[in-house]
Amino acid sequence: MQAYLIEFVNLLLRWLHVIAAIAWIGESIYFVMLDNSLRTPKAAEDREKGVFGEMWSVHGGGFYHNQKYATAPAKLPNDLHWSFWKAYTTWLSGFALFVILYMVNPGFYLVNPNSPWEWAANLTGWQANVLALAFLLGGWVVYNELCKRISPDMDRDGLLSIAVAVMMVVVAYFSTQMFTGRAAFLLTGAVMATAMSANVFFWIIPGQRRMVKAMKAGDAPNPLDGKRGKQRSVHNTYFTLPVVLLMVSNHYSFIYSHELAWVVMVLFIFAGALIRQFFVLMHAGKTQPAYPAFGVGLILLAFWVAAPSASSPSGTAGAQGPDQAQITGLIEQHCVQCHARNPEHAGFSAPPAGFTFENWDEILGQKAQIQQVVASRYMPLGNMTNMSDEERDIIAAWEE
């Protein structure tokens, strides 16, 4: 019942997380599109009132006329719309999911027994939890310091973009060395998601509140508040596509279980940012297909890097591979306690990912995936069943 309760809460949190993320990302993408689609107002009256740009659009059977002021209008309405709860809800629900799915059983889901660093391979559960939290906090601190030190007045944002890109390469590498593959992808995405939410909480909304307060006091708003908010908002839009990819990556073990998983991760991060750049420029009236073409090229490169090689588990067994009885015996010993319709493992009320290995047809249907996760040592989780190297070699030699 405890495992069932945890999974039911997981379902509700995941539902909330997805809904909040869709609402936040959708609104964010819309406002970036709006900002880049603005044109100089044609009416002299609007220009005299401080209108910076306008956009006419049609949607849902009606016409809309959006206007943006260079700093602020002469008078603010009482029903001013704010956008922040979607961002906060997305992060809070995502963090709650991370606690339930990973931090409750860190020995299985966080600790990487195959880490090249002995200290990381020998972490206890609570140490892994502390390291994961420090990883999230440290990512935000480094990113924020880069923004403040490299482009405090928003005059060197190009250099800042390069610095943030390098930072993400470092994050991807260190995450895959310290944590299990699936957790590494999630934590790298969470570093970006944390930066996105923190941008809203620490910079965008406070700056907007100061602007509103100044206007109500009859003072001119500080234009730097608007520029800083725009800078962080632009960063958020480039993080969006990579974060979504990393959050769904836990369903695809061939990505996170590869020995060069950090390279695959980096390629996808840059591909997502390049594809997003195409749409940002398109809304500004500049169509540059080189960006999505290069992004697709990076995806194809990731496909090539992650593809099983000739020496991978699918075909190096030799003339006489293991028979059905050997494979079934190993699966029963190391896998079925979790991958069964009624798992014996206390942490599951249903088979992980819906995979059951209780008969030969079910085992054979997942042959490639079984070989991959066993060869990469991702499974069994935390090697809790003590699968030996010899047993892994038998799975690798399976040809039937």
# chains A, B, ... in the order shown; residues from 1 in each chain; ligands from 1

$ select_by_dssp --residues "range 5-113 of chain A" --states "strand (DSSP E or B)" --output "number ranges by chain"
A: 39, 51-59, 62-69, 111

$ residues_around --residues "Lys148 in chain A" --least-positions-apart "4" --cutoff "12 Å" --atoms "only C-alpha atoms" --output "list in words"
Val141, Val142, Tyr143, Asn144, Pro152, Asp153, Met154, Asp155, Arg156, Asp157, Leu160, Trp203, Arg228, Gln231 and Arg232 of chain A

$ write_last_selection --atoms "C-alpha atoms" --output "PDB file, in the first residue's frame"
ATOM      1  CA  VAL A 141      24.930  30.320  -8.257  1.00  0.00           C
ATOM      2  CA  VAL A 142      27.481  29.882 -11.064  1.00  0.00           C
ATOM      3  CA  TYR A 143      24.980  30.864 -13.764  1.00  0.00           C
ATOM      4  CA  ASN A 144      23.835  33.919 -11.809  1.00  0.00           C
ATOM      5  CA  PRO A 152      25.772  43.340 -15.769  1.00  0.00           C
ATOM      6  CA  ASP A 153      24.539  46.129 -18.063  1.00  0.00           C
ATOM      7  CA  MET A 154      23.355  43.756 -20.810  1.00  0.00           C
ATOM      8  CA  ASP A 155      26.087  45.000 -23.154  1.00  0.00           C
ATOM      9  CA  ARG A 156      28.019  41.718 -23.525  1.00  0.00           C
ATOM     10  CA  ASP A 157      25.236  39.185 -23.841  1.00  0.00           C
ATOM     11  CA  LEU A 160      27.651  35.664 -21.735  1.00  0.00           C
ATOM     12  CA  TRP A 203      15.181  39.127 -11.191  1.00  0.00           C
ATOM     13  CA  ARG A 228      17.648  42.752 -16.831  1.00  0.00           C
ATOM     14  CA  GLN A 231      17.927  39.359 -20.520  1.00  0.00           C
ATOM     15  CA  ARG A 232      16.835  36.632 -18.126  1.00  0.00           C
TER      16      ARG A 232
END

$ residues_around --residues "Gly207 in chain A" --least-positions-apart "4" --cutoff "12 Å" --atoms "only C-alpha atoms" --output "list in words"
Asn199, Val200, Phe201, Phe202, Trp203, Met211, Val212, Lys213, Ala214, Pro221, Asn222, Pro223, Leu224, Asp225, Gly226, Lys227, Arg228, Gly229, Lys230, Gln231 and Arg232 of chain A

$ write_last_selection --atoms "N, CA and C atoms" --output "mmCIF file, in the first residue's frame"
data_model
loop_
_atom_site.group_PDB
_atom_site.id
_atom_site.type_symbol
_atom_site.label_atom_id
_atom_site.label_comp_id
_atom_site.auth_asym_id
_atom_site.auth_seq_id
_atom_site.Cartn_x
_atom_site.Cartn_y
_atom_site.Cartn_z
ATOM 1 N N ASN A 199 15.364 32.928 -12.172
ATOM 2 C CA ASN A 199 15.354 34.170 -12.940
ATOM 3 C C ASN A 199 14.053 34.927 -12.723
ATOM 4 N N VAL A 200 12.955 34.196 -12.727
ATOM 5 C CA VAL A 200 11.652 34.815 -12.501
ATOM 6 C C VAL A 200 11.562 35.350 -11.067
ATOM 7 N N PHE A 201 11.984 34.523 -10.114
ATOM 8 C CA PHE A 201 11.806 34.854 -8.693
ATOM 9 C C PHE A 201 12.734 35.979 -8.226
ATOM 10 N N PHE A 202 14.004 35.932 -8.666
ATOM 11 C CA PHE A 202 14.993 36.880 -8.141
ATOM 12 C C PHE A 202 15.212 38.108 -9.022
ATOM 13 N N TRP A 203 14.853 38.026 -10.298
ATOM 14 C CA TRP A 203 15.181 39.127 -11.191
ATOM 15 C C TRP A 203 13.978 39.709 -11.925
ATOM 16 N N MET A 211 9.480 48.647 -10.837
ATOM 17 C CA MET A 211 8.975 49.542 -11.877
ATOM 18 C C MET A 211 7.565 50.024 -11.550
ATOM 19 N N VAL A 212 6.716 49.099 -11.098
ATOM 20 C CA VAL A 212 5.344 49.464 -10.742
ATOM 21 C C VAL A 212 5.328 50.403 -9.539
ATOM 22 N N LYS A 213 6.170 50.109 -8.543
ATOM 23 C CA LYS A 213 6.236 50.960 -7.349
ATOM 24 C C LYS A 213 6.685 52.376 -7.700
ATOM 25 N N ALA A 214 7.680 52.474 -8.586
ATOM 26 C CA ALA A 214 8.159 53.796 -8.990
ATOM 27 C C ALA A 214 7.063 54.582 -9.698
ATOM 28 N N PRO A 221 10.567 54.761 -13.834
ATOM 29 C CA PRO A 221 11.165 53.452 -13.551
ATOM 30 C C PRO A 221 12.611 53.387 -14.024
ATOM 31 N N ASN A 222 13.397 52.573 -13.339
ATOM 32 C CA ASN A 222 14.784 52.357 -13.735
ATOM 33 C C ASN A 222 14.802 51.472 -14.981
ATOM 34 N N PRO A 223 15.316 51.965 -16.113
ATOM 35 C CA PRO A 223 15.288 51.152 -17.339
ATOM 36 C C PRO A 223 16.112 49.874 -17.232
ATOM 37 N N LEU A 224 17.089 49.843 -16.290
ATOM 38 C CA LEU A 224 17.888 48.633 -16.125
ATOM 39 C C LEU A 224 17.040 47.457 -15.647
ATOM 40 N N ASP A 225 15.992 47.749 -14.876
ATOM 41 C CA ASP A 225 15.114 46.665 -14.416
ATOM 42 C C ASP A 225 14.452 45.980 -15.597
ATOM 43 N N GLY A 226 14.017 46.765 -16.570
ATOM 44 C CA GLY A 226 13.411 46.185 -17.757
ATOM 45 C C GLY A 226 14.411 45.417 -18.594
ATOM 46 N N LYS A 227 15.634 45.957 -18.700
ATOM 47 C CA LYS A 227 16.667 45.286 -19.498
ATOM 48 C C LYS A 227 17.101 43.970 -18.845
ATOM 49 N N ARG A 228 17.247 43.990 -17.516
ATOM 50 C CA ARG A 228 17.648 42.752 -16.831
ATOM 51 C C ARG A 228 16.563 41.691 -16.962
ATOM 52 N N GLY A 229 15.316 42.119 -16.815
ATOM 53 C CA GLY A 229 14.215 41.174 -16.964
ATOM 54 C C GLY A 229 14.188 40.578 -18.351
ATOM 55 N N LYS A 230 14.428 41.409 -19.367
ATOM 56 C CA LYS A 230 14.446 40.922 -20.747
ATOM 57 C C LYS A 230 15.604 39.937 -20.950
ATOM 58 N N GLN A 231 16.774 40.245 -20.385
ATOM 59 C CA GLN A 231 17.927 39.359 -20.520
ATOM 60 C C GLN A 231 17.631 37.970 -19.975
ATOM 61 N N ARG A 232 17.109 37.930 -18.739
ATOM 62 C CA ARG A 232 16.835 36.632 -18.126
ATOM 63 C C ARG A 232 15.686 35.916 -18.829
#

$ closest_residue --among "A:Asp393, A:Gly285, A:Phe355, A:Val263" --to "Pro343 in chain A" --atoms "only C-alpha atoms"
A:Phe355

$ residues_around --residues "Trp82 in chain A" --least-positions-apart "5" --cutoff "12 Å" --atoms "only C-alpha atoms" --output "list of chain:residue names"
A:Glu27, A:Ala87, A:Val200, A:Ile204, A:Ile205, A:Pro206, A:Gln208, A:Arg209, A:Val212

$ residues_around --residues "Val336 in chain A" --least-positions-apart "4" --cutoff "12 Å" --atoms "only C-alpha atoms" --output "MDAnalysis selection string"
chainID A and resid 328:332 340:345 348 350:352 355:359 362:363 380 385

$ closest_residue --among "A:Asp323, A:Asp35, A:Glu118, A:Asp219" --to "Met178 in chain A" --atoms "only C-alpha atoms"
A:Glu118

$ residues_around --residues "range 191-197 of chain A" --least-positions-apart "4" --cutoff "7 Å" --atoms "only C-alpha atoms" --output "NGL selection string"
:A and (87-88 or 91 or 136 or 139-140 or 187 or 201 or 236 or 239 or 243)

$ write_last_selection --atoms "C-alpha atoms" --output "PDB file, in the first residue's frame"
ATOM      1  CA  ALA A  87       6.931  29.229 -13.139  1.00  0.00           C
ATOM      2  CA  TYR A  88       6.906  28.632  -9.390  1.00  0.00           C
ATOM      3  CA  TRP A  91       9.613  24.156 -10.234  1.00  0.00           C
ATOM      4  CA  LEU A 136      21.235  22.278  -8.202  1.00  0.00           C
ATOM      5  CA  GLY A 139      24.378  25.487 -10.906  1.00  0.00           C
ATOM      6  CA  TRP A 140      22.172  28.488 -10.151  1.00  0.00           C
ATOM      7  CA  LEU A 187      19.700  16.893 -12.782  1.00  0.00           C
ATOM      8  CA  PHE A 201      11.806  34.854  -8.693  1.00  0.00           C
ATOM      9  CA  ASN A 236      14.740  31.155 -20.278  1.00  0.00           C
ATOM     10  CA  PHE A 239      16.674  26.771 -22.016  1.00  0.00           C
ATOM     11  CA  VAL A 243      14.925  21.149 -20.560  1.00  0.00           C
TER      12      VAL A 243
END

$ residues_around --residues "range 246-259 of chain A" --least-positions-apart "4" --cutoff "9 Å" --atoms "only C-alpha atoms" --output "count of residues only"
31

$ select_by_dssp --residues "range 37-213 of chain A" --states "alpha helix (DSSP H)" --output "PyMOL selection string"
chain A and resi 37+44-48+85-98+106-109+118-121+125-150+157-178+181-198+205-213

$ closest_residue --among "A:Gln337, A:Gln326, A:Asn112, A:Ser349" --to "Ile395 in chain A" --atoms "only C-alpha atoms"
A:Gln326

$ atom_distance --atom1 "CA of His283 in chain A" --atom2 "CA of Asn36 in chain A"
5.5 Å

$ closest_residue --among "A:Ala284, A:Tyr238, A:Leu11, A:Leu80" --to "Leu34 in chain A" --atoms "only C-alpha atoms"
A:Ala284

$ atom_distance --atom1 "CA of Val130 in chain A" --atom2 "CA of Ser175 in chain A"
13.8 Å
